[in-house]
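K.L.:
entry_19.txt is reproduced below (compact mmCIF, C-alpha atoms (C1' of nucleotides)).
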```txt
# COMPACT_ATOMS: atom_id res chain seq x y z
CA MET U 25 -22.52 54.09 -44.77
CA THR U 26 -22.08 51.72 -41.87
CA ALA U 27 -18.38 51.93 -42.53
CA ALA U 28 -18.38 55.72 -42.33
CA ALA U 29 -20.35 55.63 -39.11
CA LEU U 30 -18.08 53.10 -37.44
CA ARG U 31 -15.01 55.03 -38.50
CA LEU U 32 -16.31 58.27 -37.02
CA PHE U 33 -17.44 56.52 -33.86
CA ALA U 34 -13.99 55.01 -33.45
CA GLU U 35 -12.28 58.35 -34.05
CA ARG U 36 -14.39 60.79 -32.06
CA GLY U 37 -16.52 58.54 -29.90
CA TYR U 38 -20.18 57.71 -30.22
CA GLY U 39 -21.75 60.59 -28.36
CA PRO U 40 -19.82 63.48 -29.93
CA THR U 41 -20.45 62.19 -33.44
CA THR U 42 -23.66 63.62 -34.86
CA VAL U 43 -25.86 62.02 -37.44
CA ALA U 44 -25.28 65.04 -39.66
CA GLU U 45 -21.55 64.29 -39.65
CA ILE U 46 -22.09 60.65 -40.51
CA ALA U 47 -24.40 61.62 -43.35
CA ALA U 48 -21.87 64.14 -44.64
CA ALA U 49 -19.07 61.57 -44.46
CA ALA U 50 -21.19 59.15 -46.47
CA ASP U 51 -22.25 61.88 -48.92
CA VAL U 52 -25.93 61.60 -48.29
CA SER U 53 -28.48 63.83 -46.63
CA GLN U 54 -29.46 63.37 -43.02
CA ARG U 55 -32.90 62.32 -44.15
CA THR U 56 -31.44 59.52 -46.20
CA PHE U 57 -29.51 58.27 -43.20
CA PHE U 58 -32.78 57.77 -41.38
CA ARG U 59 -34.21 55.90 -44.32
CA TYR U 60 -31.47 53.30 -44.00
CA PHE U 61 -31.28 53.22 -40.21
CA SER U 62 -34.21 53.80 -37.95
CA SER U 63 -31.94 55.36 -35.37
CA LYS U 64 -28.39 56.54 -34.83
CA VAL U 65 -27.48 53.48 -32.82
CA ASP U 66 -28.78 51.22 -35.56
CA ALA U 67 -25.89 52.26 -37.74
CA VAL U 68 -23.69 50.17 -35.46
CA PHE U 69 -25.66 47.01 -36.11
CA GLY U 70 -26.37 47.31 -39.79
CA ASP U 71 -26.14 43.59 -40.39
CA ALA U 72 -28.64 42.60 -37.74
CA PRO U 73 -31.53 41.85 -40.14
CA GLU U 74 -29.49 39.37 -42.16
CA ARG U 75 -28.28 37.59 -39.05
CA LEU U 76 -31.78 37.35 -37.72
CA ALA U 77 -32.97 36.00 -41.04
CA ALA U 78 -30.22 33.39 -41.04
CA LEU U 79 -31.23 32.23 -37.58
CA HIS U 80 -34.85 32.14 -38.58
CA ASP U 81 -34.15 30.05 -41.66
CA SER U 82 -31.97 27.60 -39.77
CA LEU U 83 -34.64 27.14 -37.13
CA ALA U 84 -37.39 26.77 -39.70
CA GLY U 85 -35.43 24.16 -41.64
CA ARG U 86 -34.49 21.97 -38.70
CA GLY U 87 -35.79 18.47 -39.04
CA GLU U 88 -35.73 16.46 -35.86
CA ARG U 89 -32.64 18.13 -34.52
CA PRO U 90 -33.09 19.84 -31.16
CA VAL U 91 -33.23 23.61 -31.11
CA HIS U 92 -30.18 24.06 -28.95
CA GLU U 93 -28.00 22.29 -31.48
CA ILE U 94 -29.21 24.50 -34.29
CA VAL U 95 -28.64 27.60 -32.23
CA ARG U 96 -25.19 26.40 -31.31
CA ASP U 97 -24.28 26.00 -34.96
CA VAL U 98 -25.65 29.39 -35.92
CA PHE U 99 -23.85 31.13 -33.07
CA LEU U 100 -20.59 29.39 -33.93
CA ARG U 101 -20.94 30.46 -37.54
CA MET U 102 -21.46 34.04 -36.41
CA ALA U 103 -18.46 33.86 -34.10
CA THR U 104 -16.31 32.64 -36.96
CA GLU U 105 -17.33 35.61 -39.08
CA PHE U 106 -16.61 38.00 -36.26
CA GLU U 107 -13.13 36.61 -35.84
CA ARG U 108 -12.46 36.79 -39.54
CA GLU U 109 -12.98 40.56 -39.54
CA THR U 110 -11.82 41.36 -36.09
CA SER U 111 -11.11 45.05 -36.67
CA VAL U 112 -14.68 45.91 -37.58
CA TYR U 113 -16.36 43.90 -34.89
CA LEU U 114 -13.98 44.99 -32.18
CA VAL U 115 -14.99 48.58 -32.73
CA ARG U 116 -18.50 47.44 -32.23
CA ALA U 117 -17.62 45.41 -29.16
CA ARG U 118 -15.81 48.35 -27.60
CA LEU U 119 -18.75 50.67 -28.27
CA MET U 120 -20.96 48.06 -26.72
CA THR U 121 -19.12 48.16 -23.42
CA SER U 122 -18.57 51.91 -23.25
CA GLU U 123 -21.81 53.31 -24.65
CA PRO U 124 -25.01 52.45 -22.79
CA ALA U 125 -27.09 53.19 -25.86
CA VAL U 126 -25.14 50.71 -27.98
CA ARG U 127 -25.19 48.15 -25.24
CA GLY U 128 -28.92 48.62 -24.94
CA ARG U 129 -29.42 48.07 -28.64
CA PHE U 130 -27.31 44.95 -28.54
CA LEU U 131 -29.39 43.59 -25.70
CA GLU U 132 -32.54 44.32 -27.64
CA LEU U 133 -31.19 42.40 -30.60
CA LEU U 134 -30.42 39.50 -28.31
CA ALA U 135 -33.95 39.72 -27.00
CA THR U 136 -35.26 39.49 -30.55
CA ILE U 137 -33.07 36.46 -31.12
CA GLU U 138 -34.47 35.07 -27.92
CA ASP U 139 -38.02 35.60 -29.14
CA GLU U 140 -37.15 33.78 -32.33
CA ILE U 141 -35.71 30.81 -30.48
CA ALA U 142 -38.55 30.68 -27.99
CA ALA U 143 -41.07 30.65 -30.81
CA ALA U 144 -39.27 27.79 -32.51
CA ALA U 145 -38.89 25.78 -29.32
CA ALA U 146 -42.50 26.00 -28.22
CA PRO U 147 -44.80 23.33 -29.67
CA ARG U 148 -47.84 24.51 -31.63
CA ARG U 149 -50.65 25.30 -29.23
CA ALA U 150 -48.34 25.16 -26.25
CA SER U 151 -49.56 25.36 -22.68
CA ALA U 152 -48.50 28.29 -20.50
CA ASP U 153 -45.97 26.00 -18.90
CA GLU U 154 -44.52 24.93 -22.22
CA VAL U 155 -44.25 28.53 -23.33
CA PHE U 156 -42.34 29.30 -20.19
CA ARG U 157 -39.98 26.38 -20.70
CA ALA U 158 -39.33 27.48 -24.25
CA ARG U 159 -38.61 31.01 -23.06
CA LEU U 160 -36.24 29.75 -20.42
CA LEU U 161 -34.43 27.59 -22.94
CA ALA U 162 -34.10 30.56 -25.25
CA ALA U 163 -32.87 32.73 -22.40
CA LEU U 164 -30.24 30.15 -21.52
CA LEU U 165 -29.03 29.94 -25.08
CA THR U 166 -28.75 33.69 -25.58
CA ALA U 167 -26.98 33.90 -22.24
CA THR U 168 -24.11 32.00 -23.83
CA LEU U 169 -23.83 34.54 -26.59
CA ARG U 170 -24.03 37.46 -24.21
CA ALA U 171 -21.40 36.11 -21.88
CA SER U 172 -19.13 35.22 -24.80
CA ALA U 173 -19.50 38.61 -26.45
CA PHE U 174 -18.74 40.52 -23.28
CA ALA U 175 -15.80 38.30 -22.40
CA TRP U 176 -14.43 38.72 -25.91
CA ALA U 177 -14.85 42.47 -25.78
CA ALA U 178 -13.16 42.56 -22.38
CA SER U 179 -10.19 40.67 -23.78
CA ARG U 180 -10.08 43.16 -26.66
CA GLY U 181 -10.29 40.38 -29.17
CA ARG U 182 -7.24 38.58 -27.89
CA ALA U 183 -9.15 35.60 -26.53
CA SER U 184 -10.89 33.14 -28.83
CA LEU U 185 -14.54 33.96 -29.34
CA THR U 186 -15.38 30.58 -30.80
CA ARG U 187 -13.85 28.90 -27.79
CA PHE U 188 -15.96 31.01 -25.49
CA VAL U 189 -19.06 30.01 -27.38
CA THR U 190 -18.08 26.36 -27.40
CA ASP U 191 -17.36 26.32 -23.68
CA ALA U 192 -20.56 28.16 -22.89
CA PHE U 193 -22.66 25.69 -24.82
CA ASP U 194 -20.91 22.77 -23.17
CA THR U 195 -21.91 23.99 -19.72
CA VAL U 196 -25.44 24.84 -20.73
CA GLN U 197 -26.00 21.68 -22.75
CA PRO U 198 -27.43 19.45 -19.98
CA ALA U 199 -29.95 22.05 -18.85
CA ALA U 200 -30.93 22.79 -22.43
CA ALA U 201 -31.36 19.14 -23.27
CA ALA U 202 -33.47 18.63 -20.17
CA LEU U 203 -35.68 21.56 -21.07
CA GLU U 204 -36.21 20.30 -24.57
CA GLY U 205 -36.31 16.57 -24.12
CA GLY U 206 -37.81 16.21 -20.67
CA ARG U 207 -41.56 15.61 -20.54
CA MET K 19 -43.62 61.66 -9.72
CA THR K 20 -43.17 58.04 -10.79
CA ALA K 21 -46.85 57.59 -10.01
CA ALA K 22 -47.86 60.47 -12.25
CA ALA K 23 -45.69 59.15 -15.06
CA LEU K 24 -47.06 55.63 -14.86
CA ARG K 25 -50.60 56.92 -14.76
CA LEU K 26 -50.10 59.01 -17.89
CA PHE K 27 -48.31 56.18 -19.67
CA ALA K 28 -51.18 53.83 -18.86
CA GLU K 29 -53.78 56.35 -20.04
CA ARG K 30 -52.27 57.76 -23.22
CA GLY K 31 -49.43 55.37 -23.97
CA TYR K 32 -45.73 55.88 -23.58
CA GLY K 33 -44.86 57.57 -26.85
CA PRO K 34 -47.60 60.21 -26.97
CA THR K 35 -46.93 61.27 -23.38
CA THR K 36 -44.36 64.06 -23.25
CA VAL K 37 -42.01 64.80 -20.42
CA ALA K 38 -43.56 68.25 -20.18
CA GLU K 39 -46.92 66.64 -19.47
CA ILE K 40 -45.49 64.39 -16.79
CA ALA K 41 -43.76 67.33 -15.17
CA ALA K 42 -46.97 69.37 -15.25
CA ALA K 43 -48.93 66.48 -13.75
CA ALA K 44 -46.40 66.23 -10.94
CA ASP K 45 -46.32 70.01 -10.47
CA VAL K 46 -42.65 70.46 -11.18
CA SER K 47 -40.71 71.99 -14.02
CA GLN K 48 -39.39 69.91 -16.88
CA ARG K 49 -35.88 70.66 -15.67
CA THR K 50 -36.66 69.14 -12.29
CA PHE K 51 -37.94 65.98 -13.92
CA PHE K 52 -34.54 65.46 -15.46
CA ARG K 53 -32.88 65.97 -12.12
CA TYR K 54 -34.77 63.03 -10.72
CA PHE K 55 -34.64 60.83 -13.80
CA SER K 56 -31.82 60.84 -16.28
CA SER K 57 -34.22 60.05 -19.09
CA LYS K 58 -37.91 59.71 -19.83
CA VAL K 59 -37.77 55.94 -19.75
CA ASP K 60 -36.12 56.00 -16.35
CA ALA K 61 -39.35 57.23 -14.84
CA VAL K 62 -40.71 53.74 -15.39
CA PHE K 63 -38.00 52.12 -13.29
CA GLY K 64 -37.72 54.59 -10.46
CA ASP K 65 -36.97 51.91 -7.88
CA ALA K 66 -34.07 50.34 -9.76
CA PRO K 67 -31.31 51.87 -7.62
CA GLU K 68 -32.74 50.46 -4.40
CA ARG K 69 -33.16 47.02 -5.89
CA LEU K 70 -29.62 47.04 -7.17
CA ALA K 71 -28.38 48.12 -3.77
CA ALA K 72 -30.32 45.31 -2.10
CA LEU K 73 -28.74 42.78 -4.42
CA HIS K 74 -25.32 44.25 -3.85
CA ASP K 75 -25.67 44.08 -0.09
CA SER K 76 -26.94 40.52 -0.13
CA LEU K 77 -24.03 39.44 -2.29
CA ALA K 78 -21.50 41.30 -0.19
CA GLY K 79 -22.83 39.78 3.00
CA ARG K 80 -22.88 36.18 1.87
CA GLY K 81 -20.66 33.96 3.93
CA GLU K 82 -19.90 30.61 2.37
CA ARG K 83 -23.24 30.35 0.64
CA PRO K 84 -23.00 29.99 -3.13
CA VAL K 85 -23.91 32.97 -5.27
CA HIS K 86 -26.78 31.29 -7.06
CA GLU K 87 -28.58 30.67 -3.78
CA ILE K 88 -28.25 34.29 -2.75
CA VAL K 89 -29.50 35.46 -6.11
CA ARG K 90 -32.39 33.06 -5.93
CA ASP K 91 -33.46 34.48 -2.59
CA VAL K 92 -33.15 38.08 -3.77
CA PHE K 93 -35.13 37.40 -6.93
CA LEU K 94 -37.84 35.60 -5.01
CA ARG K 95 -38.10 38.50 -2.60
CA MET K 96 -38.49 40.86 -5.56
CA ALA K 97 -41.12 38.62 -7.12
CA THR K 98 -43.09 38.65 -3.89
CA GLU K 99 -43.09 42.44 -3.82
CA PHE K 100 -44.22 42.58 -7.43
CA GLU K 101 -47.13 40.29 -6.72
CA ARG K 102 -48.12 42.29 -3.67
CA GLU K 103 -48.68 45.42 -5.77
CA THR K 104 -49.73 43.85 -8.99
CA SER K 105 -51.47 46.90 -10.44
CA VAL K 106 -48.35 49.05 -10.47
CA TYR K 107 -45.97 46.45 -11.76
CA LEU K 108 -48.34 45.16 -14.40
CA VAL K 109 -48.41 48.59 -16.02
CA ARG K 110 -44.66 48.36 -16.11
CA ALA K 111 -44.73 44.84 -17.48
CA ARG K 112 -47.13 45.83 -20.23
CA LEU K 113 -45.01 48.82 -21.21
CA MET K 114 -42.04 46.48 -21.26
CA THR K 115 -43.56 44.27 -23.89
CA SER K 116 -45.12 46.98 -26.04
CA GLU K 117 -42.51 49.75 -25.94
CA PRO K 118 -39.06 48.92 -27.30
CA ALA K 119 -37.51 51.75 -25.33
CA VAL K 120 -38.87 50.43 -22.05
CA ARG K 121 -37.90 46.92 -22.91
CA GLY K 122 -34.42 48.14 -23.75
CA ARG K 123 -34.11 49.88 -20.41
CA PHE K 124 -35.26 46.78 -18.61
CA LEU K 125 -32.66 44.72 -20.39
CA GLU K 126 -29.99 47.23 -19.45
CA LEU K 127 -31.02 46.96 -15.83
CA LEU K 128 -30.76 43.20 -16.07
CA ALA K 129 -27.32 43.62 -17.57
CA THR K 130 -26.30 45.75 -14.61
CA ILE K 131 -27.60 43.08 -12.28
CA GLU K 132 -25.62 40.60 -14.30
CA ASP K 133 -22.47 42.68 -13.88
CA GLU K 134 -23.05 42.75 -10.16
CA ILE K 135 -23.47 38.98 -9.95
CA ALA K 136 -20.50 38.30 -12.19
CA ALA K 137 -18.31 40.52 -10.04
CA ALA K 138 -19.39 38.70 -6.90
CA ALA K 139 -18.93 35.26 -8.43
CA ALA K 140 -15.44 35.82 -9.76
CA PRO K 141 -12.62 35.18 -7.29
CA ARG K 142 -10.21 38.02 -6.55
CA ARG K 143 -7.53 38.13 -9.22
CA ALA K 144 -9.43 35.72 -11.43
CA SER K 145 -8.05 34.27 -14.61
CA ALA K 146 -9.67 35.08 -17.94
CA ASP K 147 -11.34 31.70 -17.81
CA GLU K 148 -12.71 32.26 -14.33
CA VAL K 149 -14.05 35.65 -15.36
CA PHE K 150 -15.84 33.99 -18.25
CA ARG K 151 -17.33 31.30 -16.01
CA ALA K 152 -18.55 33.96 -13.60
CA ARG K 153 -20.13 35.88 -16.48
CA LEU K 154 -21.82 32.78 -17.78
CA LEU K 155 -23.16 31.96 -14.34
CA ALA K 156 -24.49 35.49 -14.01
CA ALA K 157 -26.03 35.29 -17.48
CA LEU K 158 -27.78 32.05 -16.58
CA LEU K 159 -29.17 33.50 -13.38
CA THR K 160 -30.50 36.66 -15.00
CA ALA K 161 -31.98 34.53 -17.75
CA THR K 162 -34.34 33.09 -15.15
CA LEU K 163 -35.55 36.54 -14.21
CA ARG K 164 -35.97 37.60 -17.83
CA ALA K 165 -37.92 34.52 -18.78
CA SER K 166 -40.09 34.80 -15.67
CA ALA K 167 -40.79 38.48 -16.17
CA PHE K 168 -41.80 38.05 -19.80
CA ALA K 169 -43.93 35.01 -19.05
CA TRP K 170 -45.65 36.88 -16.25
CA ALA K 171 -46.25 39.89 -18.46
CA ALA K 172 -47.63 37.63 -21.19
CA SER K 173 -50.08 36.09 -18.72
CA ARG K 174 -51.09 39.61 -17.67
CA GLY K 175 -50.31 38.83 -14.08
CA ARG K 176 -52.66 35.89 -13.91
CA ALA K 177 -49.90 33.30 -13.56
CA SER K 178 -47.74 33.11 -10.47
CA LEU K 179 -44.52 35.04 -10.80
CA THR K 180 -42.90 33.39 -7.81
CA ARG K 181 -43.66 29.99 -9.26
CA PHE K 182 -42.02 30.98 -12.53
CA VAL K 183 -38.92 32.08 -10.67
CA THR K 184 -38.86 28.93 -8.56
CA ASP K 185 -39.23 26.68 -11.58
CA ALA K 186 -36.60 28.56 -13.52
CA PHE K 187 -34.07 28.25 -10.74
CA ASP K 188 -34.81 24.57 -10.36
CA THR K 189 -33.89 23.90 -13.98
CA VAL K 190 -30.83 26.12 -13.91
CA GLN K 191 -29.59 24.87 -10.56
CA PRO K 192 -27.38 21.98 -11.75
CA ALA K 193 -25.58 24.11 -14.33
CA ALA K 194 -25.14 26.93 -11.84
CA ALA K 195 -23.80 24.62 -9.17
CA ALA K 196 -21.37 23.10 -11.65
CA LEU K 197 -20.16 26.51 -12.70
CA GLU K 198 -19.60 27.57 -9.13
CA GLY K 199 -18.43 24.40 -7.48
CA GLY K 200 -16.50 22.66 -10.23
CA ARG K 201 -12.99 23.98 -10.53
C1' DA O 27 -34.43 56.77 -78.44
C1' DC O 28 -38.57 57.78 -75.62
C1' DG O 29 -42.22 58.30 -72.21
C1' DG O 30 -43.83 56.98 -67.82
C1' DG O 31 -44.02 54.99 -63.49
C1' DA O 32 -41.58 53.48 -59.35
C1' DA O 33 -38.07 53.80 -56.20
C1' DC O 34 -34.66 56.79 -54.23
C1' DT O 35 -32.97 61.15 -52.46
C1' DG O 36 -32.83 66.07 -50.90
C1' DT O 37 -34.96 70.22 -48.66
C1' DC O 38 -37.54 72.27 -45.23
C1' DA O 39 -39.94 72.78 -41.15
C1' DG O 40 -41.25 70.99 -36.94
C1' DT O 41 -41.47 68.16 -32.38
C1' DG O 42 -39.52 66.54 -28.32
C1' DA O 43 -35.71 64.70 -25.38
C1' DG O 44 -31.87 66.09 -22.93
C1' DT O 45 -28.12 69.65 -21.09
C1' DG O 46 -25.74 73.95 -19.37
C1' DT O 47 -26.20 78.20 -17.02
C1' DC O 48 -27.70 81.18 -13.70
C1' DA O 49 -30.94 83.34 -10.72
C1' DA O 50 -34.64 82.67 -7.37
C1' DA O 51 -36.56 80.11 -3.71
C1' DT O 52 -36.57 77.09 0.05
C1' DG O 53 -35.35 75.02 4.40
C1' DG O 54 -32.65 74.09 8.36
C1' DC O 55 -29.66 76.23 11.88
C1' DA O 56 -26.96 79.36 14.66
C1' DT X 28 -33.22 87.33 11.92
C1' DG X 29 -29.34 86.41 8.99
C1' DC X 30 -26.43 82.87 6.70
C1' DC X 31 -25.50 78.84 4.30
C1' DA X 32 -26.49 74.80 1.31
C1' DT X 33 -29.56 72.37 -1.41
C1' DT X 34 -33.34 72.48 -4.47
C1' DT X 35 -36.03 74.39 -8.09
C1' DG X 36 -37.37 77.22 -12.13
C1' DA X 37 -36.63 79.84 -16.43
C1' DC X 38 -34.27 80.35 -20.58
C1' DA X 39 -31.67 79.01 -24.39
C1' DC X 40 -29.56 75.59 -26.99
C1' DT X 41 -28.22 71.03 -29.36
C1' DC X 42 -29.49 67.05 -31.60
C1' DA X 43 -32.17 62.86 -32.77
C1' DC X 44 -36.04 61.91 -35.36
C1' DT X 45 -40.45 62.61 -38.41
C1' DG X 46 -43.82 64.25 -41.97
C1' DA X 47 -44.63 66.40 -46.34
C1' DC X 48 -43.37 67.43 -50.72
C1' DA X 49 -40.54 68.13 -54.71
C1' DG X 50 -36.76 66.69 -57.56
C1' DT X 51 -33.87 62.89 -59.42
C1' DT X 52 -32.57 58.48 -61.07
C1' DC X 53 -33.43 54.08 -62.77
C1' DC X 54 -35.83 50.66 -65.29
C1' DC X 55 -39.22 48.97 -68.26
C1' DG X 56 -41.94 48.19 -72.58
C1' DT X 57 -42.72 50.27 -76.77
```
Before anything else, please render the file you have as structure tokens.

P.N.:
Amino acid sequence: MTAAALRLFAERGYGPTTVAEIAAAADVSQRTFFRYFSSKVDAVFGDAPERLAALHDSLAGRGERPVHEIVRDVFLRMATEFERETSVYLVRARLMTSEPAVRGRFLELLATIEDEIAAAAAPRRASADEVFRARLLAALLTATLRASAFAWAASRGRASLTRFVTDAFDTVQPAAAALEGGR
Amino acid sequence: MTAAALRLFAERGYGPTTVAEIAAAADVSQRTFFRYFSSKVDAVFGDAPERLAALHDSLAGRGERPVHEIVRDVFLRMATEFERETSVYLVRARLMTSEPAVRGRFLELLATIEDEIAAAAAPRRASADEVFRARLLAALLTATLRASAFAWAASRGRASLTRFVTDAFDTVQPAAAALEGGR
DNA sequence: ACGGGAACTGTCAGTGAGTGTCAAATGGCA
DNA sequence: TGCCATTTGACACTCACTGACAGTTCCCGT
């Protein structure tokens, strides 16, 4: 179903493709489409729940390791998957840059990721200041993913996504460590 | 018209309020509403164009000053305005946290701001690597605004927004300076 | 093999956002 | 007053999305 949607989006563009057409291409009713995806744009990010769950589990199962290292690993794992199936994810990346709605949804997903990270980084019963620091840390970390994704999309998949992510984390590392370690 | 929309959103909530109702409250036709705002959610951020223009001008008119200092000043000026008219902007902030659509629009606006900053930070005829560094810098700088805005909204306007912004920029400063100064 | 309940799917009707088209109104300005 | 341009309203239409209900499929113990 996601496959049918992405194919149609790639062929005719996001806007001109109707949900009815996607449903027909996937041999289901329109109503069924909306049982699987809560919106048209969600069909583009069908795997979001799993990715979020993976992040959540990794953060929950961290021992003493700092949050930013966990996040770095998770993001790198994601980048590797993206590069393994470039064709699929490039369609997505292109939609992301051309269609405001898709871009918006992507940003919302990143915000959810950010919430997840911020929650994990804040100590139990954190002060307002600690909450803010956790949020800022999370914002910094998702900034790496956002910048990498856009740069990758702009290069049309020719540049190395994993290298972008690695570089981004290298530059952010000191600030992140300070936010987490520092008093 | 923005005033009428915000009032209705605050009274009945975002979802239940229809565009027809907003238009009626503002004594215009529904068609006219959509001439002023390209979507329902846009009525919440009626001042976005001006703010974007202000940022653009400040960036264009910078001499030798680094981008992150300019952005810091612009953001602080915005924060001051927000705190001057708390009642209006708190409605917005609350909608931002409760309504996914509003939150999405806010994130898109931030992304546009990010584009603006990235464009200003990248040298003319930049290499792919320089473009990425500019993007990352821009992502870091907007992260400060995002974290501050959410923290402020969470505190229901009781905490100091300008202090959040100041603190955020202090922690990001080294990384930003490195991204801009370092080759 | 069979009955029954649960989960899945289709049909239908409806709401509301957003757009194109064109005519009417409005507001300077000569 | 008459002319032009910009703004507004009215109407009709598309499409995303939802609620309600009925039919279908699948799985389970017997």

K.L.:
With a cut-off of 10 Å, could you pull out the residues of chain X touching chain U and give me the nearest pair of atoms for each, distance in Å to one decimal, using only C-alpha atoms (C1' of nucleotides), ordered by chain and ascending number, as a tab-separated table?

P.N.:
```
residue	atom	partner	partner_atom	distance
X:DC42	C1'	U:Thr42	CA	7.5
X:DA43	C1'	U:Lys64	CA	7.6
X:DC44	C1'	U:Ser63	CA	7.7
X:DT45	C1'	U:Arg55	CA	9.5
```

K.L.:
Would you mind listing what lies within 10 Å of X:DT34 as a VMD selection string, with all atoms listed in the file counted and same-chain residues fewer than 5 positions away left out?

P.N.:
(chain K and resid 50) or (chain O and resid 51 to 53)

K.L.:
Give as a ChimeraX atom specification every residue of chain K that touches chain U within 10 Å, counting all atoms listed in the file.

P.N.:
/K:118-119,121-129,132,136,146-147,149-166,168-170,172-173,177,182,185-186,189-194,196-197

K.L.:
Got a sec to pull out which chain O residues are within 12 Å of chain K, counting all atoms listed in the file, and send them as a JSON list (two decimals) with C-alpha atoms (C1' of nucleotides), in the frame of the given file?

P.N.:
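Done, and the output landed in iface-v7.json:
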```json
[["chain", "number", "residue", "atom", "x", "y", "z"],
["O", 41, "DT", "C1'", -41.47, 68.16, -32.38],
["O", 42, "DG", "C1'", -39.52, 66.54, -28.32],
["O", 43, "DA", "C1'", -35.71, 64.70, -25.38],
["O", 44, "DG", "C1'", -31.87, 66.09, -22.93],
["O", 45, "DT", "C1'", -28.12, 69.65, -21.09],
["O", 46, "DG", "C1'", -25.74, 73.95, -19.37]]
```

K.L.:
Would you list the contacts of O:DT47 as a VMD selection string, taking every protein, DNA or RNA residue within 10 Å and counting only C-alpha atoms (C1' of nucleotides), but skipping same-chain residues closer than 2 positions in sequence?

P.N.:
(chain O and resid 45 49) or (chain X and resid 38 to 39)

K.L.:
Find the axis-aligned box for stretch 143-156 of chain U, covering all its listed atoms and adding 3 Å on each side, and write its centre and edge lengths in Å to one decimal as lines of an AutoDock Vina configuration file.

P.N.:
```
center_x = -44.8
center_y = 27.0
center_z = -25.7
size_x = 17.8
size_y = 13.3
size_z = 19.6
```

K.L.:
What is the atom CA of K:Arg30 to atom CA of K:Thr98 distance in Å?

P.N.:
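These atoms are spaced 28.7 Å apart.
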
K.L.:
Tell me, as a list in words, which residues lie within 12 Å of X:DA47, counting all atoms listed in the file; anything in the same chain fewer than 4 positions away does not count.

P.N.:
DT37, DC38, DA39 and DG40 of chain O

K.L.:
So, counting all atoms listed in the file, which residue among X:DT33, X:DA49, X:DC55, X:DT28 is closest to O:DG54?

P.N.:
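Of the candidates, the smallest distance to O:DG54 is held by X:DT33.
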
K.L.:
With all atoms listed in the file counted, which protein, DNA or RNA residues have an atom no more than 12 Å from (-46.8, 55.5, -11.5) in the file frame? Please answer as a list of chain:residue names.

P.N.:
K:Met19, K:Thr20, K:Ala21, K:Ala22, K:Ala23, K:Leu24, K:Arg25, K:Leu26, K:Phe27, K:Ala28, K:Glu29, K:Ile40, K:Ala43, K:Ala44, K:Asp60, K:Ala61, K:Val62, K:Phe63, K:Gly64, K:Asp65, K:Glu103, K:Ser105, K:Val106, K:Tyr107, K:Leu108, K:Val109, K:Arg110, K:Leu113

K.L.:
Store the residues picked out above in a file with C-alpha atoms, as a CSV table (one decimal), keeping the file's coordinate frame.

P.N.:
```
chain,number,residue,atom,x,y,z
K,19,MET,CA,-43.6,61.7,-9.7
K,20,THR,CA,-43.2,58.0,-10.8
K,21,ALA,CA,-46.8,57.6,-10.0
K,22,ALA,CA,-47.9,60.5,-12.2
K,23,ALA,CA,-45.7,59.2,-15.1
K,24,LEU,CA,-47.1,55.6,-14.9
K,25,ARG,CA,-50.6,56.9,-14.8
K,26,LEU,CA,-50.1,59.0,-17.9
K,27,PHE,CA,-48.3,56.2,-19.7
K,28,ALA,CA,-51.2,53.8,-18.9
K,29,GLU,CA,-53.8,56.4,-20.0
K,40,ILE,CA,-45.5,64.4,-16.8
K,43,ALA,CA,-48.9,66.5,-13.8
K,44,ALA,CA,-46.4,66.2,-10.9
K,60,ASP,CA,-36.1,56.0,-16.4
K,61,ALA,CA,-39.4,57.2,-14.8
K,62,VAL,CA,-40.7,53.7,-15.4
K,63,PHE,CA,-38.0,52.1,-13.3
K,64,GLY,CA,-37.7,54.6,-10.5
K,65,ASP,CA,-37.0,51.9,-7.9
K,103,GLU,CA,-48.7,45.4,-5.8
K,105,SER,CA,-51.5,46.9,-10.4
K,106,VAL,CA,-48.4,49.0,-10.5
K,107,TYR,CA,-46.0,46.4,-11.8
K,108,LEU,CA,-48.3,45.2,-14.4
K,109,VAL,CA,-48.4,48.6,-16.0
K,110,ARG,CA,-44.7,48.4,-16.1
K,113,LEU,CA,-45.0,48.8,-21.2
```

K.L.:
How many Å lie between atom CA of K:Ala78 and atom CA of K:Ser145, rounded to one decimal?

P.N.:
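Going from atom CA of K:Ala78 over to atom CA of K:Ser145 covers 20.9 Å.
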
K.L.:
Expressed in Å to a single decimal, how great is the separation between atom CA of U:Ser82 and atom CA of U:Ser184?

P.N.:
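Those two atoms sit 24.4 Å apart.
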
K.L.:
Extract, using all atoms listed in the file, all DNA, RNA and protein residues at most 10 Å from stretch 74-76 of chain U, discarding same-chain residues fewer than 5 positions from it, and format them as a list in words.

P.N.:
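Here the qualifying residues turn out to be Asp81, Ser82, Val98, Phe99, Met102, Leu133, Leu134, Thr136, Ile137 and Glu140 of chain U.
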
K.L.:
Create the file for the chosen residues now, containing C-alpha atoms and written as a compact mmCIF listing (two decimals), keeping the file's coordinate frame.

P.N.:
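File written: part.txt
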```txt
# COMPACT_ATOMS: atom_id res chain seq x y z
CA ASP U 81 -34.15 30.05 -41.66
CA SER U 82 -31.97 27.60 -39.77
CA VAL U 98 -25.65 29.39 -35.92
CA PHE U 99 -23.85 31.13 -33.07
CA MET U 102 -21.46 34.04 -36.41
CA LEU U 133 -31.19 42.40 -30.60
CA LEU U 134 -30.42 39.50 -28.31
CA THR U 136 -35.26 39.49 -30.55
CA ILE U 137 -33.07 36.46 -31.12
CA GLU U 140 -37.15 33.78 -32.33
```

K.L.:
Quick one: stretch 37-41 of chain O from the block, C-alpha atoms (C1' of nucleotides), as a short mmCIF file (atom, residue, chain, number, x, y, z; two decimals), in the first residue's frame.

P.N.:
```cif
data_model
loop_
_atom_site.label_atom_id
_atom_site.label_comp_id
_atom_site.auth_asym_id
_atom_site.auth_seq_id
_atom_site.Cartn_x
_atom_site.Cartn_y
_atom_site.Cartn_z
"C1'" DT O 37 -20.67 1.09 1.21
"C1'" DC O 38 -22.91 5.21 1.97
"C1'" DA O 39 -23.67 9.69 3.42
"C1'" DG O 40 -21.95 13.71 5.28
"C1'" DT O 41 -18.72 17.71 6.83
#
```
